[in-house]
file coords_7.cif (mmCIF, C-alpha atoms)
data_entry
loop_
_atom_site.label_atom_id
_atom_site.label_comp_id
_atom_site.auth_asym_id
_atom_site.auth_seq_id
_atom_site.Cartn_x
_atom_site.Cartn_y
_atom_site.Cartn_z
CA MET A 1 -10.12 85.93 83.55
CA PRO A 2 -9.90 82.31 82.32
CA GLU A 3 -6.67 81.08 80.78
CA LYS A 4 -6.53 80.83 77.02
CA PRO A 5 -6.86 77.17 75.93
CA LEU A 6 -3.74 75.49 74.60
CA THR A 7 -3.35 74.92 70.88
CA PRO A 8 -2.86 71.33 69.64
CA ASP A 9 0.85 72.09 69.14
CA GLN A 10 1.17 73.40 72.70
CA LYS A 11 -0.59 70.32 74.10
CA LEU A 12 1.71 68.05 72.11
CA GLN A 13 4.75 70.01 73.27
CA GLU A 14 3.69 69.73 76.91
CA GLU A 15 3.08 65.99 76.56
CA PHE A 16 6.49 65.31 75.03
CA ASN A 17 8.18 67.65 77.52
CA ARG A 18 6.70 65.48 80.30
CA TRP A 19 8.01 62.39 78.48
CA ALA A 20 11.48 63.94 78.26
CA GLU A 21 11.52 64.89 81.93
CA ALA A 22 10.50 61.32 82.81
CA GLY A 23 13.40 59.86 80.80
CA GLU A 24 11.21 58.47 78.04
CA GLY A 25 13.66 59.52 75.31
CA GLU A 26 16.00 56.70 76.21
CA LYS A 27 13.09 54.26 76.46
CA MET A 28 11.97 55.29 72.97
CA ARG A 29 15.45 54.48 71.72
CA HIS A 30 15.18 50.91 72.95
CA HIS A 31 11.61 50.60 71.72
CA HIS A 32 12.34 52.02 68.23
CA LEU A 33 15.85 50.65 67.63
CA ASP A 34 14.78 47.51 65.74
CA ILE A 35 12.44 49.33 63.31
CA THR A 36 14.98 52.15 62.89
CA GLU A 37 17.75 49.70 61.95
CA LYS A 38 15.45 48.07 59.37
CA THR A 39 14.44 51.48 58.03
CA LEU A 40 18.05 52.65 57.74
CA ARG A 41 18.93 49.63 55.60
CA LEU A 42 16.09 50.56 53.21
CA MET A 43 17.10 54.24 53.10
CA ASP A 44 20.33 53.42 51.25
CA LEU A 45 22.20 56.24 52.99
CA ARG A 46 25.43 57.47 51.47
CA PRO A 47 28.25 59.55 52.89
CA GLY A 48 27.77 63.25 52.20
CA GLU A 49 23.95 63.14 52.07
CA ARG A 50 21.47 65.39 53.86
CA VAL A 51 18.90 63.62 56.04
CA LEU A 52 15.93 64.94 58.02
CA ASP A 53 15.06 63.21 61.32
CA LEU A 54 11.47 64.31 61.90
CA GLY A 55 10.39 63.88 65.52
CA CYS A 56 13.99 63.33 66.63
CA GLY A 57 13.19 63.26 70.35
CA SER A 58 16.38 62.95 72.38
CA GLY A 59 18.43 62.78 69.19
CA TRP A 60 19.71 59.21 69.44
CA ALA A 61 18.79 58.38 65.82
CA THR A 62 19.98 61.80 64.63
CA ARG A 63 23.44 60.97 65.96
CA LEU A 64 23.29 57.50 64.38
CA LEU A 65 22.33 59.03 61.03
CA ALA A 66 25.16 61.58 61.33
CA ARG A 67 27.69 58.76 61.67
CA LEU A 68 26.27 57.08 58.55
CA VAL A 69 26.35 60.12 56.25
CA GLY A 70 29.59 61.58 57.67
CA GLU A 71 32.12 62.69 55.07
CA GLY A 72 31.53 61.89 51.41
CA PRO A 73 32.60 62.93 47.90
CA GLU A 74 30.31 65.98 48.02
CA GLY A 75 31.62 67.08 51.43
CA PHE A 76 30.27 66.40 54.89
CA GLY A 77 26.79 65.00 55.21
CA GLN A 78 24.23 66.78 57.32
CA VAL A 79 21.46 65.51 59.55
CA VAL A 80 18.78 67.84 60.85
CA GLY A 81 16.67 66.67 63.77
CA LEU A 82 13.34 68.42 64.37
CA ASP A 83 11.07 68.00 67.37
CA VAL A 84 8.12 69.82 68.93
CA SER A 85 9.44 69.25 72.48
CA ASP A 86 11.89 71.88 73.62
CA GLU A 87 12.94 69.60 76.50
CA MET A 88 13.71 66.70 74.12
CA ILE A 89 15.74 69.16 72.03
CA ARG A 90 17.62 70.33 75.12
CA GLN A 91 18.52 66.72 75.92
CA ALA A 92 19.48 66.02 72.31
CA ARG A 93 21.79 69.04 72.21
CA GLN A 94 23.35 68.03 75.52
CA GLU A 95 24.16 64.57 74.12
CA GLN A 96 25.30 66.06 70.81
CA THR A 97 28.12 67.96 72.48
CA ARG A 98 29.59 64.64 73.66
CA GLY A 99 29.80 63.18 70.14
CA GLN A 100 32.15 63.75 67.25
CA PHE A 101 29.54 63.87 64.48
CA ARG A 102 27.79 67.03 63.43
CA SER A 103 24.02 67.31 63.37
CA ASP A 104 21.62 70.20 63.76
CA ILE A 105 18.94 69.81 66.42
CA LEU A 106 16.04 72.24 66.14
CA HIS A 107 12.87 72.92 68.11
CA VAL A 108 9.94 73.50 65.77
CA THR A 109 6.16 73.48 65.87
CA ALA A 110 4.19 71.90 63.02
CA GLY A 111 2.84 75.24 61.85
CA GLY A 112 6.10 77.08 62.45
CA CYS A 113 8.50 75.42 60.03
CA VAL A 114 9.06 77.69 57.07
CA TRP A 115 12.57 76.43 56.37
CA ARG A 116 12.56 74.45 53.10
CA PRO A 117 15.89 72.69 52.58
CA ARG A 118 16.19 69.65 50.35
CA PHE A 119 16.81 66.22 51.78
CA ARG A 120 17.27 62.91 50.02
CA ASN A 121 15.96 60.93 53.01
CA CYS A 122 13.73 61.47 56.02
CA ARG A 123 13.38 59.24 59.09
CA CYS A 124 10.16 59.54 61.07
CA ILE A 125 9.18 56.81 63.53
CA GLY A 126 6.03 57.99 65.30
CA GLY A 127 6.98 61.65 64.98
CA LEU A 128 3.68 62.68 63.41
CA ARG A 129 1.48 61.04 66.02
CA GLY A 130 -1.10 63.33 67.59
CA ASN A 131 -0.38 66.29 65.36
CA GLY A 132 -3.69 67.75 64.25
CA SER A 133 -2.02 70.47 62.20
CA ILE A 134 0.19 68.24 60.06
CA GLY A 135 -2.00 68.78 57.00
CA ARG A 136 -1.04 72.45 57.02
CA SER A 137 2.71 71.77 57.31
#

call {"tool": "encode", "arguments": {"input": "coords_7.cif", "output": "structure tokens"}}
result
Amino acid sequence: MPEKPLTPDQKLQEEFNRWAEAGEGEKMRHHHLDITEKTLRLMDLRPGERVLDLGCGSGWATRLLARLVGEGPEGFGQVVGLDVSDEMIRQARQEQTRGQFRSDILHVTAGGCVWRPRFRNCRCIGGLRGNGSIGRS
């Protein structure tokens, strides 16, 4: 019996899992750092805010965002990192335990996110690339 073909989300997950296993998360950090720094200046982040990091990969920007929103007048800020790659999420969580700033790192597929929190800002650098189901999300 032939194997069932992979869905677009499964193909994307496999691709980014391969990237993670090859150490591409750290390379993406170096490649995206300049545009991320420029984007962060435009986001006008404030302590205590909630920020979504869509396509967080290995979580390097999620941790950076967590330092920026830290503690504010409304309490502690929160950063939520989402990624389709469970291996990138594993690496992000491993790094997260070494830091002092709180962020939530979640594995999610494009069609599987039913959680609807409110965020003032969202960072997404290439996180929507190759996702054929984004219109349904």

call {"tool": "resolve_selection", "arguments": {"input": "coords_7.cif", "expression": "the PyMOL selection byres ((chain A and resi 56-65) around 6)", "output": "PyMOL selection string"}}
result
chain A and resi 25+53-55+66-68+81-83+88+91-92

call {"tool": "closest_residue", "arguments": {"input": "coords_7.cif", "among": "A:Glu26, A:Glu15, A:Glu71, A:Glu21", "to": "Glu87 in chain A", "atoms": "all atoms listed in the file"}}
result
A:Glu21

call {"tool": "resolve_selection", "arguments": {"input": "coords_7.cif", "expression": "the PyMOL selection byres ((chain A and resi 36-45) around 8)", "output": "PyMOL selection string"}}
result
chain A and resi 32-35+46-47+49+61+68-69+121+123+125

call {"tool": "closest_residue", "arguments": {"input": "coords_7.cif", "among": "A:Lys27, A:Gln96, A:Val84, A:Cys124", "to": "Gln10 in chain A", "atoms": "only C-alpha atoms"}}
result
A:Val84

call {"tool": "closest_residue", "arguments": {"input": "coords_7.cif", "among": "A:Val51, A:Ala22, A:Met28, A:Leu12", "to": "Gly70 in chain A", "atoms": "only C-alpha atoms"}}
result
A:Val51

call {"tool": "atom_distance", "arguments": {"input": "coords_7.cif", "atom1": "CA of Asp86 in chain A", "atom2": "CA of Asn17 in chain A"}}
result
6.8 Å

call {"tool": "atom_distance", "arguments": {"input": "coords_7.cif", "atom1": "CA of Arg90 in chain A", "atom2": "CA of Glu24 in chain A"}}
result
13.8 Å

call {"tool": "atom_distance", "arguments": {"input": "coords_7.cif", "atom1": "CA of Arg118 in chain A", "atom2": "CA of Gly77 in chain A"}}
result
12.6 Å

call {"tool": "axis_aligned_box", "arguments": {"input": "coords_7.cif", "around": "range 3-7 of chain A", "padding_each_side": "5 Å", "output": "AutoDock Vina command-line options"}}
result
--center_x -5.1 --center_y 78.0 --center_z 75.8 --size_x 13.5 --size_y 16.2 --size_z 19.9
